[in-house]
>>> print(open('coords_4.cif').read())   # mmCIF, C-alpha atoms
data_coords
#
loop_
_atom_site.label_atom_id
_atom_site.label_comp_id
_atom_site.auth_asym_id
_atom_site.auth_seq_id
_atom_site.Cartn_x
_atom_site.Cartn_y
_atom_site.Cartn_z
CA MET G 20 22.99 -30.97 -62.75
CA ASN G 21 25.93 -33.11 -63.93
CA THR G 22 26.79 -30.62 -66.68
CA TYR G 23 26.93 -27.75 -64.19
CA LEU G 24 28.99 -29.80 -61.77
CA ARG G 25 31.48 -30.77 -64.46
CA THR G 26 31.67 -27.26 -65.88
CA GLY G 27 32.09 -25.72 -62.46
CA ALA G 28 34.71 -28.24 -61.42
CA LEU G 29 36.51 -27.89 -64.73
CA ALA G 30 36.52 -24.09 -64.46
CA VAL G 31 37.92 -24.15 -60.94
CA ALA G 32 40.46 -26.83 -61.88
CA LEU G 33 41.63 -24.94 -64.95
CA LEU G 34 41.87 -21.66 -63.04
CA SER G 35 43.85 -23.40 -60.31
CA LEU G 36 46.21 -24.94 -62.87
CA ALA G 37 46.52 -21.65 -64.71
CA ALA G 38 47.32 -19.81 -61.52
CA LEU G 39 49.83 -22.41 -60.43
CA THR G 40 51.62 -23.00 -63.73
CA GLY G 41 51.39 -19.43 -64.91
CA CYS G 42 50.69 -20.76 -68.40
CA ALA G 43 53.09 -19.21 -70.87
CA SER G 44 53.08 -15.73 -69.37
CA GLN G 45 52.90 -14.23 -65.89
CA PRO G 46 49.38 -14.63 -64.47
CA LYS G 47 47.67 -11.29 -63.95
CA THR G 48 47.30 -10.20 -60.35
CA LEU G 49 44.40 -8.17 -59.02
CA TYR G 50 46.70 -5.32 -57.99
CA HIS G 51 50.03 -3.66 -58.70
CA TRP G 52 52.53 -4.90 -56.12
CA ALA G 53 55.97 -3.76 -57.29
CA GLY G 54 57.84 -2.24 -54.36
CA TYR G 55 55.04 -2.23 -51.78
CA GLU G 56 55.97 -5.23 -49.63
CA GLU G 57 59.68 -4.41 -50.04
CA GLN G 58 59.07 -0.90 -48.69
CA VAL G 59 56.91 -2.25 -45.88
CA TYR G 60 59.88 -4.43 -44.86
CA GLU G 61 62.24 -1.46 -45.22
CA HIS G 62 59.98 0.54 -42.93
CA PHE G 63 60.15 -2.20 -40.29
CA LYS G 64 63.92 -2.60 -40.65
CA ASN G 65 64.31 1.16 -40.23
CA GLU G 66 67.61 1.25 -42.17
CA LYS G 67 66.42 3.62 -44.88
CA GLY G 68 64.80 6.95 -44.09
CA PRO G 69 61.18 7.74 -44.92
CA GLN G 70 62.19 9.97 -47.83
CA GLU G 71 63.87 7.07 -49.59
CA GLN G 72 60.87 4.83 -48.90
CA ILE G 73 58.54 7.52 -50.28
CA ALA G 74 60.60 7.82 -53.46
CA ALA G 75 60.35 4.09 -54.09
CA LEU G 76 56.60 4.04 -53.47
CA GLU G 77 55.97 7.09 -55.67
CA ALA G 78 57.86 5.32 -58.47
CA SER G 79 55.66 2.26 -57.99
CA LEU G 80 52.58 4.47 -58.09
CA GLN G 81 53.69 5.98 -61.42
CA GLN G 82 54.14 2.46 -62.76
CA ALA G 83 50.68 1.45 -61.57
CA ARG G 84 49.12 4.48 -63.27
CA ALA G 85 50.98 3.76 -66.50
CA ARG G 86 49.64 0.20 -66.48
CA ASP G 87 46.19 1.28 -65.31
CA VAL G 88 46.29 -1.16 -62.38
CA THR G 89 45.20 -0.36 -58.83
CA PRO G 90 48.01 -0.33 -56.24
CA ALA G 91 47.78 -3.00 -53.53
CA PRO G 92 45.30 -2.55 -50.68
CA GLY G 93 47.02 -0.49 -48.00
CA PHE G 94 49.49 1.11 -50.40
CA HIS G 95 47.99 4.60 -50.24
CA ALA G 96 47.48 4.42 -46.48
CA HIS G 97 51.10 3.37 -46.00
CA LEU G 98 52.25 6.27 -48.19
CA GLY G 99 50.04 8.60 -46.14
CA MET G 100 51.77 7.40 -42.98
CA LEU G 101 55.16 8.18 -44.53
CA TYR G 102 54.03 11.67 -45.63
CA ALA G 103 53.01 12.31 -42.02
CA GLU G 104 56.51 11.27 -40.90
CA VAL G 105 58.19 13.82 -43.16
CA GLY G 106 55.71 16.59 -42.38
CA LYS G 107 53.79 16.71 -45.67
CA GLY G 108 50.48 17.14 -43.87
CA ASP G 109 48.41 18.24 -46.83
CA GLN G 110 49.20 15.02 -48.71
CA VAL G 111 48.42 12.75 -45.75
CA ARG G 112 44.67 13.28 -45.90
CA GLN G 113 44.70 12.89 -49.67
CA GLN G 114 46.28 9.43 -49.39
CA PHE G 115 43.87 8.24 -46.69
CA GLU G 116 40.91 9.53 -48.71
CA THR G 117 42.20 7.75 -51.82
CA GLU G 118 42.50 4.52 -49.84
CA LYS G 119 38.91 4.99 -48.65
CA THR G 120 37.66 5.61 -52.19
CA LEU G 121 39.44 2.60 -53.66
CA PHE G 122 38.61 0.33 -50.72
CA PRO G 123 35.42 1.29 -48.82
CA GLU G 124 36.20 -1.54 -46.36
CA SER G 125 39.00 0.71 -45.09
CA ALA G 126 36.65 3.56 -44.15
CA PRO G 127 36.45 2.99 -40.37
CA TYR G 128 40.23 2.75 -40.07
CA MET G 129 40.95 5.65 -42.43
CA ASP G 130 38.49 7.84 -40.49
CA PHE G 131 40.21 6.81 -37.26
CA LEU G 132 43.63 7.73 -38.70
CA MET G 133 42.41 11.08 -40.01
CA ARG G 134 40.79 11.98 -36.67
CA ASN G 135 44.03 11.16 -34.83
CA PHE G 136 46.19 12.93 -37.39
CA GLU G 137 44.40 16.19 -36.78
CA LYS G 138 45.06 16.10 -33.05
CA MET V 29 19.65 -23.90 -60.95
CA PRO V 30 21.76 -26.39 -58.97
CA ASN V 31 23.65 -25.00 -56.05
CA ILE V 32 27.15 -26.46 -55.82
CA SER V 33 28.85 -25.65 -52.54
CA LEU V 34 32.24 -23.96 -52.66
CA LYS V 35 33.49 -26.83 -50.53
CA THR V 36 32.66 -29.33 -53.27
CA LEU V 37 34.36 -27.26 -55.92
CA LEU V 38 37.44 -26.81 -53.75
CA VAL V 39 37.68 -30.53 -53.09
CA LEU V 40 37.37 -31.22 -56.83
CA ALA V 41 39.97 -28.59 -57.58
CA ALA V 42 42.31 -30.12 -55.01
CA LEU V 43 41.84 -33.56 -56.55
CA SER V 44 42.43 -32.35 -60.08
CA VAL V 45 45.56 -30.40 -59.14
CA LEU V 46 47.16 -32.96 -56.88
CA GLY V 47 46.53 -35.87 -59.21
CA GLY V 48 47.66 -39.13 -57.69
CA CYS V 49 48.08 -37.86 -54.12
CA ALA V 50 45.76 -39.04 -51.38
CA THR V 51 42.42 -37.25 -51.19
CA PRO V 52 42.58 -34.58 -48.45
CA THR V 53 39.81 -34.59 -45.85
CA PRO V 54 37.58 -31.63 -46.69
CA TYR V 55 37.94 -28.82 -44.17
CA ASP V 56 34.79 -27.64 -42.39
CA TYR V 57 34.30 -24.20 -43.91
CA SER V 58 30.77 -23.61 -42.61
CA ALA V 59 31.79 -20.84 -40.16
CA PHE V 60 33.95 -19.22 -42.84
CA GLU V 61 31.16 -19.26 -45.43
CA ARG V 62 28.55 -18.09 -42.92
CA ASN V 63 30.64 -15.11 -41.72
CA ASN V 64 31.99 -14.21 -45.18
CA PRO V 65 34.57 -11.59 -44.12
CA ALA V 66 35.54 -8.87 -46.59
CA SER V 67 38.44 -7.33 -44.69
CA ILE V 68 41.28 -8.78 -42.63
CA LEU V 69 43.36 -7.18 -39.88
CA VAL V 70 46.71 -8.95 -39.69
CA LEU V 71 48.23 -8.50 -36.25
CA PRO V 72 52.02 -8.45 -36.02
CA PRO V 73 53.00 -12.12 -35.60
CA VAL V 74 54.08 -13.54 -32.28
CA ASN V 75 57.63 -14.82 -32.61
CA ARG V 76 58.66 -18.12 -31.01
CA SER V 77 61.97 -18.31 -32.88
CA PRO V 78 65.34 -16.92 -31.74
CA ASP V 79 65.55 -14.52 -34.69
CA ILE V 80 64.16 -11.04 -33.91
CA LYS V 81 63.61 -10.36 -37.62
CA ALA V 82 61.00 -13.12 -37.84
CA SER V 83 57.84 -11.21 -36.98
CA TYR V 84 58.32 -8.29 -39.35
CA SER V 85 59.73 -10.54 -42.05
CA VAL V 86 56.55 -12.60 -42.14
CA LEU V 87 54.25 -9.61 -41.55
CA SER V 88 55.66 -7.78 -44.56
CA GLN V 89 54.79 -10.68 -46.87
CA VAL V 90 51.25 -11.65 -45.93
CA SER V 91 49.45 -8.82 -47.72
CA TYR V 92 50.10 -10.27 -51.15
CA PRO V 93 48.43 -13.70 -50.78
CA LEU V 94 45.55 -12.31 -48.71
CA ALA V 95 44.77 -9.40 -51.04
CA GLU V 96 45.11 -11.56 -54.13
CA ALA V 97 42.75 -14.02 -52.44
CA GLY V 98 40.14 -11.25 -52.55
CA TYR V 99 40.27 -9.55 -49.14
CA TYR V 100 40.90 -5.96 -48.18
CA VAL V 101 44.06 -6.24 -46.07
CA LEU V 102 44.65 -3.39 -43.66
CA PRO V 103 48.08 -1.74 -44.16
CA VAL V 104 50.32 -3.82 -41.90
CA ALA V 105 52.89 -1.12 -41.07
CA VAL V 106 50.21 1.47 -40.27
CA VAL V 107 48.41 -1.07 -38.08
CA ASP V 108 51.66 -1.77 -36.22
CA GLU V 109 52.07 2.00 -35.64
CA THR V 110 48.52 2.30 -34.35
CA PHE V 111 49.06 -0.50 -31.82
CA LYS V 112 52.26 1.14 -30.59
CA GLN V 113 50.67 4.57 -30.32
CA ASN V 114 48.01 2.94 -28.15
CA GLY V 115 50.55 1.46 -25.77
CA LEU V 116 50.74 -2.11 -27.12
CA MET V 117 54.43 -2.45 -27.84
CA ASN V 118 54.92 -6.09 -28.82
CA ALA V 119 53.00 -8.81 -30.62
CA ASP V 120 52.15 -10.77 -27.45
CA GLU V 121 50.41 -7.67 -26.04
CA MET V 122 48.70 -6.95 -29.34
CA HIS V 123 47.32 -10.50 -29.51
CA MET V 124 45.71 -9.96 -26.11
CA ALA V 125 43.69 -6.96 -27.28
CA PRO V 126 39.93 -7.59 -26.95
CA PRO V 127 38.35 -8.40 -30.34
CA ALA V 128 35.63 -5.82 -29.71
CA LYS V 129 38.29 -3.14 -29.38
CA LEU V 130 39.98 -4.30 -32.58
CA ARG V 131 36.65 -4.11 -34.39
CA GLU V 132 36.01 -0.62 -33.02
CA ILE V 133 39.37 0.85 -34.03
CA PHE V 134 40.18 -1.02 -37.21
CA GLY V 135 36.72 -1.85 -38.48
CA ALA V 136 37.91 -5.12 -39.98
CA ASP V 137 35.58 -8.11 -40.33
CA ALA V 138 38.23 -10.62 -39.27
CA ALA V 139 41.61 -10.73 -37.53
CA LEU V 140 44.51 -12.99 -38.46
CA TYR V 141 46.67 -14.14 -35.58
CA ILE V 142 49.99 -15.53 -36.73
CA GLU V 143 52.63 -17.32 -34.69
CA VAL V 144 56.06 -17.87 -36.21
CA THR V 145 57.36 -21.10 -34.70
CA ARG V 146 60.53 -21.42 -36.74
CA TYR V 147 62.66 -18.77 -38.42
CA GLY V 148 66.24 -19.42 -39.48
CA SER V 149 68.37 -22.37 -38.53
CA SER V 150 67.15 -22.82 -35.00
CA TYR V 151 67.14 -26.61 -34.96
CA LYS V 152 70.21 -28.91 -35.00
CA VAL V 153 68.61 -31.11 -37.61
CA LEU V 154 68.63 -28.14 -39.94
CA THR V 155 72.03 -26.62 -39.25
CA SER V 156 72.82 -25.79 -42.83
CA GLU V 157 69.28 -24.97 -43.73
CA VAL V 158 66.93 -22.08 -43.32
CA ALA V 159 63.33 -22.87 -42.39
CA VAL V 160 60.33 -20.71 -41.63
CA GLU V 161 57.18 -22.16 -40.10
CA ALA V 162 54.07 -20.20 -39.22
CA HIS V 163 50.65 -20.94 -37.76
CA GLY V 164 47.64 -18.79 -38.53
CA LYS V 165 44.20 -18.36 -36.98
CA LEU V 166 41.49 -16.33 -38.62
CA VAL V 167 38.85 -15.09 -36.20
CA ASP V 168 35.74 -13.12 -37.09
CA LEU V 169 35.62 -9.86 -35.13
CA ARG V 170 31.84 -9.58 -35.40
CA SER V 171 30.74 -13.03 -34.25
CA GLY V 172 33.90 -14.27 -32.49
CA ASP V 173 33.81 -17.43 -34.62
CA LEU V 174 37.02 -19.22 -35.52
CA LEU V 175 36.90 -19.18 -39.31
CA TRP V 176 40.09 -21.00 -40.18
CA GLU V 177 43.29 -22.36 -38.77
CA GLY V 178 46.35 -23.51 -40.67
CA LYS V 179 50.09 -23.79 -40.74
CA ALA V 180 52.83 -23.78 -43.32
CA LEU V 181 56.50 -24.63 -43.51
CA ALA V 182 59.13 -23.79 -46.09
CA SER V 183 62.75 -24.84 -45.95
CA SER V 184 65.83 -24.31 -48.08
CA ALA V 185 66.41 -28.05 -47.66
CA GLU V 186 63.51 -29.04 -49.85
CA ASN V 187 64.80 -31.47 -52.38
CA GLN V 188 63.96 -31.43 -56.05
CA ASN V 189 63.93 -35.23 -56.10
CA GLN V 190 61.26 -35.48 -53.43
CA SER V 191 57.72 -35.56 -54.67
CA SER V 192 55.80 -33.34 -52.31
CA GLY V 193 52.29 -32.46 -53.33
CA GLY V 194 52.47 -33.10 -57.08
CA LEU V 195 52.38 -30.03 -59.32
CA VAL V 196 52.20 -27.49 -56.49
CA GLY V 197 55.12 -29.10 -54.63
CA MET V 198 57.30 -29.22 -57.74
CA LEU V 199 56.74 -25.56 -58.55
CA ILE V 200 57.39 -24.36 -55.05
CA THR V 201 60.47 -26.58 -54.69
CA ALA V 202 61.91 -25.15 -57.90
CA ALA V 203 61.35 -21.63 -56.59
CA VAL V 204 63.01 -22.47 -53.30
CA ASN V 205 66.11 -23.88 -55.01
CA GLN V 206 66.45 -20.84 -57.22
CA ILE V 207 66.13 -18.47 -54.32
CA VAL V 208 68.80 -20.28 -52.31
CA ASN V 209 71.21 -19.87 -55.20
CA THR V 210 70.70 -16.20 -55.79
CA LEU V 211 69.83 -14.33 -52.59
CA SER V 212 71.54 -13.61 -49.30
CA ASP V 213 68.56 -12.80 -47.03
CA ARG V 214 67.45 -16.40 -47.08
CA GLY V 215 65.27 -16.18 -44.02
CA HIS V 216 63.22 -13.40 -45.51
CA GLU V 217 62.85 -15.14 -48.87
CA ILE V 218 61.87 -18.44 -47.25
CA ALA V 219 59.39 -16.52 -45.08
CA GLY V 220 57.81 -15.25 -48.29
CA ILE V 221 57.21 -18.81 -49.44
CA THR V 222 55.84 -19.77 -46.02
CA SER V 223 53.44 -16.81 -46.13
CA ARG V 224 52.19 -17.78 -49.55
CA ARG V 225 51.78 -21.43 -48.56
CA LEU V 226 49.88 -20.38 -45.46
CA LEU V 227 47.55 -17.85 -47.03
CA THR V 228 46.92 -18.71 -50.68
CA ALA V 229 43.22 -19.24 -51.34
CA GLY V 230 41.86 -22.42 -52.86
CA ILE V 231 44.62 -24.82 -51.85
CA PRO V 232 43.67 -27.90 -49.76
CA ASN V 233 42.63 -26.73 -46.26
CA GLY V 234 43.56 -23.18 -47.25
CA ILE V 235 41.57 -20.02 -46.78
CA LEU V 236 38.56 -19.38 -48.95
CA SER V 237 38.53 -16.69 -51.62
CA GLY V 238 37.29 -13.31 -50.45
CA PRO V 239 34.62 -11.04 -51.96
CA ARG V 240 37.07 -9.21 -54.23
CA SER V 241 38.21 -12.43 -55.89
CA PRO V 242 36.73 -13.64 -59.18
CA GLN V 243 36.53 -17.04 -57.39
CA HIS V 244 34.17 -15.82 -54.68
CA PRO V 245 30.72 -17.45 -54.89
CA SER V 246 29.08 -14.05 -55.28
CA ARG V 247 31.02 -13.56 -58.51
CA LEU V 248 31.07 -17.01 -60.07
CA ALA V 249 29.04 -17.06 -63.29
CA ASN V 250 26.83 -20.03 -62.49
CA HIS V 251 25.87 -18.94 -58.97
#
>>> encode(input="coords_4.cif", output="structure tokens")
Amino acid sequence: MNTYLRTGALAVALLSLAALTGCASQPKTLYHWAGYEEQVYEHFKNEKGPQEQIAALEASLQQARARDVTPAPGFHAHLGMLYAEVGKGDQVRQQFETEKTLFPESAPYMDFLMRNFEK
Amino acid sequence: MPNISLKTLLVLAALSVLGGCATPTPYDYSAFERNNPASILVLPPVNRSPDIKASYSVLSQVSYPLAEAGYYVLPVAVVDETFKQNGLMNADEMHMAPPAKLREIFGADAALYIEVTRYGSSYKVLTSEVAVEAHGKLVDLRSGDLLWEGKALASSAENQNQSSGGLVGMLITAAVNQIVNTLSDRGHEIAGITSRRLLTAGIPNGILSGPRSPQHPSRLANH
């Protein structure tokens, strides 16, 4: 019991330290984040048009594919929303479906969005 | 096979990271562990500061810590759109929406209600400083249980010479100082630090790791 406790505590402590100090290199994140939160903020600020936001997100997507890392949760859904804004209807559903495939937790909301998009 | 509670491991982790600081009182995570949410709906934050940018500034920076903590985070801008299309035009109205309705439309396991109490230099004491403070409440949309409550503050006035929270404090203070020197949208950058302080998993009294995290009990090797 003591061995497990020590090992468990040590593992959590080391992981915490590793995450906080970053060790020598950048700690790996679960997802690819470059550009997503920035474009979310841009969307809220409404200073740049959707086309410019789309371009930035598509570039981030290319980067994610090149690194074989999943884009952040919500990324594809957000891109789908932007495609709807610029009238690229055929790509909207594709993005929502991709979000659903990557993150099954999103299914109820993605289904809701797709139902409302068709109206 | 011994069963070590996540709470015990978190307390030990907090002790090992904070070193000589006082031992924090362990938070009661029983409701959190029992409900075990996988997805989080972040509602646009209610803004109690004079700066109208506050709500969206914070909202656009919460996805990172929550998703990296192991939760599916619903797309915050799309969620905001959905609220508006359904006639709820501001955060105060959105926060009044019945949890059952939120569960029905968004399908999320839990909802995060954030209140931004400070954004920018709204206090005389801090005239030359930028501070962002936010409070968060995580409520389960299935059971109605309050899973977690917390708050965080970040300020451009944080001093390198002050020892605040050992290793964690030193790192965050260094980041704050660097940001102040290099960027003009200070409020937004400080809000990013506040969001991370509020919603990083595994810190003392912080949120627990979610199911997608390697730290979640369902994925730890010795569970």
>>> resolve_selection(input="coords_4.cif", expression="the PyMOL selection byres ((chain V and resi 168-181) around 8)", output="PyMOL selection string")
chain V and resi 57+59-60+63+65+127-128+130-131+136-139+159-167+182-183+222-223+225-226+233-235
>>> residues_around(input="coords_4.cif", residues="Ala74 in chain G", least_positions_apart="4", cutoff="12 Å", atoms="only C-alpha atoms", output="VMD selection string")
chain G and resid 54 to 55 58 67 to 70 78 to 81 98 101 to 102
>>> write_last_selection(input="coords_4.cif", atoms="C-alpha atoms", output="mmCIF file, keeping the file's coordinate frame")
data_model
loop_
_atom_site.group_PDB
_atom_site.id
_atom_site.type_symbol
_atom_site.label_atom_id
_atom_site.label_comp_id
_atom_site.auth_asym_id
_atom_site.auth_seq_id
_atom_site.Cartn_x
_atom_site.Cartn_y
_atom_site.Cartn_z
ATOM 1 C CA GLY G 54 57.840 -2.240 -54.360
ATOM 2 C CA TYR G 55 55.040 -2.230 -51.780
ATOM 3 C CA GLN G 58 59.070 -0.900 -48.690
ATOM 4 C CA LYS G 67 66.420 3.620 -44.880
ATOM 5 C CA GLY G 68 64.800 6.950 -44.090
ATOM 6 C CA PRO G 69 61.180 7.740 -44.920
ATOM 7 C CA GLN G 70 62.190 9.970 -47.830
ATOM 8 C CA ALA G 78 57.860 5.320 -58.470
ATOM 9 C CA SER G 79 55.660 2.260 -57.990
ATOM 10 C CA LEU G 80 52.580 4.470 -58.090
ATOM 11 C CA GLN G 81 53.690 5.980 -61.420
ATOM 12 C CA LEU G 98 52.250 6.270 -48.190
ATOM 13 C CA LEU G 101 55.160 8.180 -44.530
ATOM 14 C CA TYR G 102 54.030 11.670 -45.630
#
>>> atom_distance(input="coords_4.cif", atom1="CA of Thr89 in chain G", atom2="CA of Tyr92 in chain V")
13.5 Å
>>> closest_residue(input="coords_4.cif", among="V:Val158, V:Val74, V:Met117, V:Val196", to="chain G", atoms="only C-alpha atoms")
V:Val196
>>> atom_distance(input="coords_4.cif", atom1="CA of Gln243 in chain V", atom2="CA of Gly194 in chain V")
22.6 Å
>>> residues_near_point(input="coords_4.cif", point="(41.7, 5.7, -46.5)", cutoff="9 Å", atoms="only C-alpha atoms", output="ChimeraX atom specification")
/G:93,95-96,99,112-123,125-130,132-133
>>> resolve_selection(input="coords_4.cif", expression="the PyMOL selection byres ((chain V and resi 99) around 9)", output="PyMOL selection string")
(chain G and resi 92) or (chain V and resi 65-68+94-98+100-101+237-241)
>>> atom_distance(input="coords_4.cif", atom1="CA of Lys47 in chain G", atom2="CA of Glu217 in chain V")
21.7 Å
>>> resolve_selection(input="coords_4.cif", expression="the PyMOL selection byres ((chain G and resi 56) around 12)", output="ChimeraX atom specification")
/G:51-55,57-63,72,75-76,79,90-94,97 /V:84-93,103-105,216,220
>>> closest_residue(input="coords_4.cif", among="G:Asn135, G:Lys107, G:Gln82, G:Met100", to="chain V", atoms="all atoms listed in the file")
G:Met100
>>> residues_around(input="coords_4.cif", residues="Ser83 in chain V", least_positions_apart="4", cutoff="9 Å", atoms="only C-alpha atoms", output="CSV table (one decimal) with C-alpha atoms, in the frame of the given file")
chain,number,residue,atom,x,y,z
V,72,PRO,CA,52.0,-8.4,-36.0
V,73,PRO,CA,53.0,-12.1,-35.6
V,74,VAL,CA,54.1,-13.5,-32.3
V,75,ASN,CA,57.6,-14.8,-32.6
V,79,ASP,CA,65.6,-14.5,-34.7
V,87,LEU,CA,54.2,-9.6,-41.6
V,88,SER,CA,55.7,-7.8,-44.6
V,119,ALA,CA,53.0,-8.8,-30.6
V,142,ILE,CA,50.0,-15.5,-36.7
V,143,GLU,CA,52.6,-17.3,-34.7
V,144,VAL,CA,56.1,-17.9,-36.2
>>> closest_residue(input="coords_4.cif", among="G:Glu71, G:Glu104, G:Asp87, G:Asp109", to="chain V", atoms="all atoms listed in the file")
G:Glu104
>>> residues_around(input="coords_4.cif", residues="Phe131 in chain G", least_positions_apart="5", cutoff="9 Å", atoms="all atoms listed in the file", output="tab-separated table (two decimals) with C-alpha atoms, in the coordinates of the input")
chain	number	residue	atom	x	y	z
G	126	ALA	CA	36.65	3.56	-44.15
G	136	PHE	CA	46.19	12.93	-37.39
V	133	ILE	CA	39.37	0.85	-34.03
V	134	PHE	CA	40.18	-1.02	-37.21
>>> closest_residue(input="coords_4.cif", among="G:Glu124, G:Pro46, G:Gly108, G:Arg86", to="chain V", atoms="only C-alpha atoms")
G:Glu124
>>> closest_residue(input="coords_4.cif", among="G:Ala83, G:Leu49, G:Ile73, G:Val105", to="chain V", atoms="only C-alpha atoms")
G:Leu49
